[in-house]
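> Quick one: the structure is below, questions incoming.
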Amino acid sequence: MRTLLGPKVEVRIPRKPEYVSVVRMAVGAVASKMDFGFDVLDDIKLAVAEACNNAIEHAVVPEGHPNEITITCCLEQHQLVVIVCDPGVHPPPEKPAAQQAPDDLPESGYGLLLIQALMDELTWEPGPSGTTVRMVKRLAR
Amino acid sequence: MAGESRGTSAKFVIQITQPGPPAVVAIAGEVDLATAPRLKEVLVQVIDQAKTVILDLSGATYMDSTGLGVLIGSLKHAREVGGDVKLAGLVPKVRRVFSITGVDKVFEIYSSVEQAMTGDQAEGGIAS
């Protein structure tokens, strides 16, 4: 993974739903150090929350590993990089199939769709010590 | 049941403002992974009794994919029992989540509860 270039802020939370709002607030505060508009700040907060949601709902954490999620924000010159790491093993979430009839519409799977729509880059890296999701939001030029 | 508050916390309040049918359920605060299960529980009960529910989302300041999932599940449940779930008063930030995911196409969406009651001027989704 590419080295992060810029000031970093790291937040670590228990892998529990009630702590995702803490991440949203923290990431919003960090991102506001850059020249993003209010709507873009909301987009970033939602995308990072969705990555955390996925880590909470789908990760299978091996015994003995800390049941925590680490969120690292890096304020690079022209972009914000947010990395969400969890100690679990899980496949990337699947997007809901397009053009489903209303009654067949799935009740999950929209998180990935939102991250992809709201961020400029998304990479998903499963590894031996957990899963890393890297998201990038570039400043408008 | 009218006026009853359930699932109350500092950030999230569900209030059944009209037992119906159609029932009117007002949501205030953030619908996310932590609060969506409480919303699901209330909506299942309300739909079982009233079949059709109008969800007043004018006080909902945030919704994530978990909230979308609960609303889709509720819509399916309502249609199974011959009812419907109509959405009213979405703030732009929440409306955007529906449009990005395309979920707005399966709901009747109104600008206010009053318009949802009369079925006039659906602003998106399936026209009534």
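Residues in the structure tokens are named by chain (A, B, ... in the order shown) and by number from 1 within that chain; ligands are numbered from 1 in the order shown.
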I need the chain B residues near chain A as a list of chain:residue names; criterion: at most 9 Å, counting only C-alpha atoms.
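On the chain B side, the interface is B:Asp32, B:Leu33, B:Ala34, B:Thr35, B:Tyr62, B:Met63, B:Asp64, B:Ser65, B:Thr66, B:Leu68, B:Gly69, B:Val70, B:Leu71, B:Ile72, B:Gly73, B:Leu75, B:Lys76, B:Arg79, B:Lys93, B:Val97, B:Ile100, B:Thr101, B:Val103, B:Lys105, B:Val106, B:Phe107.
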> Got a sec to tell me which of chain B DSSP assigns to alpha helix (DSSP H), as a PyMOL selection string?
chain B and resi 36-50+65-80+92-101+113-118
> Using only C-alpha atoms, which of A:Arg138, A:Gln116, A:Pro7, A:Val23 sits nearest Ile71 (chain A)?
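So, comparing all the options, the nearest one is A:Val23.
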> Among region 15-120 of chain A, which ones does DSSP assign to strand (DSSP E) (computed from the backbone)? Answer as a ChimeraX atom specification.
/A:68-75,79-86
> Please produce a file of the residues just selected, as a short mmCIF file (atom, residue, chain, number, x, y, z; two decimals), in the first residue's frame, where the atoms kept are N, CA and C atoms.

data_model
loop_
_atom_site.label_atom_id
_atom_site.label_comp_id
_atom_site.auth_asym_id
_atom_site.auth_seq_id
_atom_site.Cartn_x
_atom_site.Cartn_y
_atom_site.Cartn_z
N GLU A 68 -11.54 -4.51 17.45
CA GLU A 68 -11.56 -3.06 17.26
C GLU A 68 -11.42 -2.71 15.78
N ILE A 69 -11.83 -1.50 15.47
CA ILE A 69 -11.64 -0.97 14.12
C ILE A 69 -10.75 0.26 14.24
N THR A 70 -9.76 0.34 13.37
CA THR A 70 -8.88 1.51 13.37
C THR A 70 -9.14 2.33 12.11
N ILE A 71 -9.37 3.60 12.32
CA ILE A 71 -9.64 4.51 11.18
C ILE A 71 -8.50 5.52 11.14
N THR A 72 -7.79 5.55 10.03
CA THR A 72 -6.68 6.50 9.87
C THR A 72 -7.03 7.50 8.78
N CYS A 73 -6.95 8.77 9.13
CA CYS A 73 -7.19 9.83 8.14
C CYS A 73 -5.85 10.49 7.85
N CYS A 74 -5.57 10.72 6.59
CA CYS A 74 -4.33 11.40 6.23
C CYS A 74 -4.67 12.58 5.32
N LEU A 75 -4.26 13.76 5.78
CA LEU A 75 -4.54 14.98 5.03
C LEU A 75 -3.39 15.22 4.06
N GLN A 79 -5.81 15.76 -1.37
CA GLN A 79 -6.82 14.74 -1.13
C GLN A 79 -6.79 14.26 0.31
N LEU A 80 -7.94 13.74 0.72
CA LEU A 80 -8.03 13.11 2.04
C LEU A 80 -8.04 11.59 1.81
N VAL A 81 -7.17 10.90 2.52
CA VAL A 81 -7.15 9.44 2.45
C VAL A 81 -7.68 8.91 3.78
N VAL A 82 -8.65 8.00 3.72
CA VAL A 82 -9.18 7.39 4.95
C VAL A 82 -9.03 5.88 4.82
N ILE A 83 -8.38 5.30 5.82
CA ILE A 83 -8.15 3.86 5.80
C ILE A 83 -8.86 3.23 7.00
N VAL A 84 -9.70 2.26 6.71
CA VAL A 84 -10.46 1.58 7.77
C VAL A 84 -9.93 0.14 7.86
N CYS A 85 -9.36 -0.20 9.01
CA CYS A 85 -8.79 -1.54 9.20
C CYS A 85 -9.56 -2.28 10.28
N ASP A 86 -9.91 -3.51 9.98
CA ASP A 86 -10.49 -4.35 11.04
C ASP A 86 -9.75 -5.68 11.03
#
> Do you know which residues are at most 12 Å from Glu80 (chain B) counting only C-alpha atoms, after dropping those on the same chain fewer than 2 positions away, and could you put them as a short mmCIF file (atom, residue, chain, number, x, y, z; two decimals) with N, CA and C atoms, in the first residue's frame?

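Generated output (part.cif):
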data_model
loop_
_atom_site.label_atom_id
_atom_site.label_comp_id
_atom_site.auth_asym_id
_atom_site.auth_seq_id
_atom_site.Cartn_x
_atom_site.Cartn_y
_atom_site.Cartn_z
N ASP A 103 -40.29 -5.66 -5.40
CA ASP A 103 -40.50 -6.68 -4.38
C ASP A 103 -39.29 -7.59 -4.20
N VAL B 44 -42.57 -2.99 12.12
CA VAL B 44 -43.23 -4.30 11.99
C VAL B 44 -44.55 -4.28 12.76
N ILE B 47 -47.13 -1.83 11.05
CA ILE B 47 -47.66 -2.36 9.79
C ILE B 47 -48.63 -3.52 10.06
N ASP B 48 -48.32 -4.34 11.06
CA ASP B 48 -49.23 -5.43 11.41
C ASP B 48 -50.61 -4.89 11.80
N LYS B 51 -51.36 -1.68 8.47
CA LYS B 51 -50.99 -2.06 7.09
C LYS B 51 -50.23 -0.96 6.34
N THR B 52 -50.80 0.22 6.24
CA THR B 52 -50.11 1.32 5.54
C THR B 52 -49.57 2.32 6.55
N GLY B 73 -37.29 -3.49 3.82
CA GLY B 73 -37.91 -4.64 4.49
C GLY B 73 -39.33 -4.32 4.93
N SER B 74 -39.53 -3.11 5.43
CA SER B 74 -40.85 -2.70 5.88
C SER B 74 -41.82 -2.57 4.71
N LEU B 75 -41.31 -2.06 3.60
CA LEU B 75 -42.15 -1.92 2.40
C LEU B 75 -42.61 -3.31 1.93
N LYS B 76 -41.68 -4.26 1.92
CA LYS B 76 -42.04 -5.63 1.50
C LYS B 76 -43.10 -6.21 2.44
N HIS B 77 -42.87 -6.01 3.74
CA HIS B 77 -43.81 -6.53 4.75
C HIS B 77 -45.19 -5.90 4.55
N ALA B 78 -45.20 -4.58 4.33
CA ALA B 78 -46.47 -3.88 4.15
C ALA B 78 -47.21 -4.40 2.91
N GLY B 82 -50.97 -6.24 2.18
CA GLY B 82 -51.90 -5.40 1.43
C GLY B 82 -51.78 -3.92 1.74
N GLY B 83 -50.68 -3.51 2.32
CA GLY B 83 -50.49 -2.10 2.67
C GLY B 83 -49.35 -1.47 1.89
N ASP B 84 -48.82 -0.40 2.45
CA ASP B 84 -47.74 0.33 1.76
C ASP B 84 -46.94 1.12 2.80
N VAL B 85 -45.74 1.53 2.40
CA VAL B 85 -44.94 2.46 3.21
C VAL B 85 -44.68 3.68 2.34
#
> Point out the residue among B:Ile109, B:Val91, B:Val81, B:Ile54 with the least atom-to-atom distance to Gln18 (chain B), counting only C-alpha atoms.
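Counting only C-alpha atoms, the residue closest to Gln18 (chain B) is B:Ile54.
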> What separation in Å, quoted to one decimal, exists between CA of Thr118 (chain B) and CA of Val25 (chain B)?
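Taking CA of Thr118 (chain B) and CA of Val25 (chain B), their separation equals 16.3 Å.
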> Find the distance between CA of Gly29 (chain B) and CA of Ala60 (chain B) and write it in Å to one decimal.
4.8 Å
> CA of Val48 (chain A) and CA of Met119 (chain A) are how many Å apart?
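These two atoms are separated by 9.4 Å.
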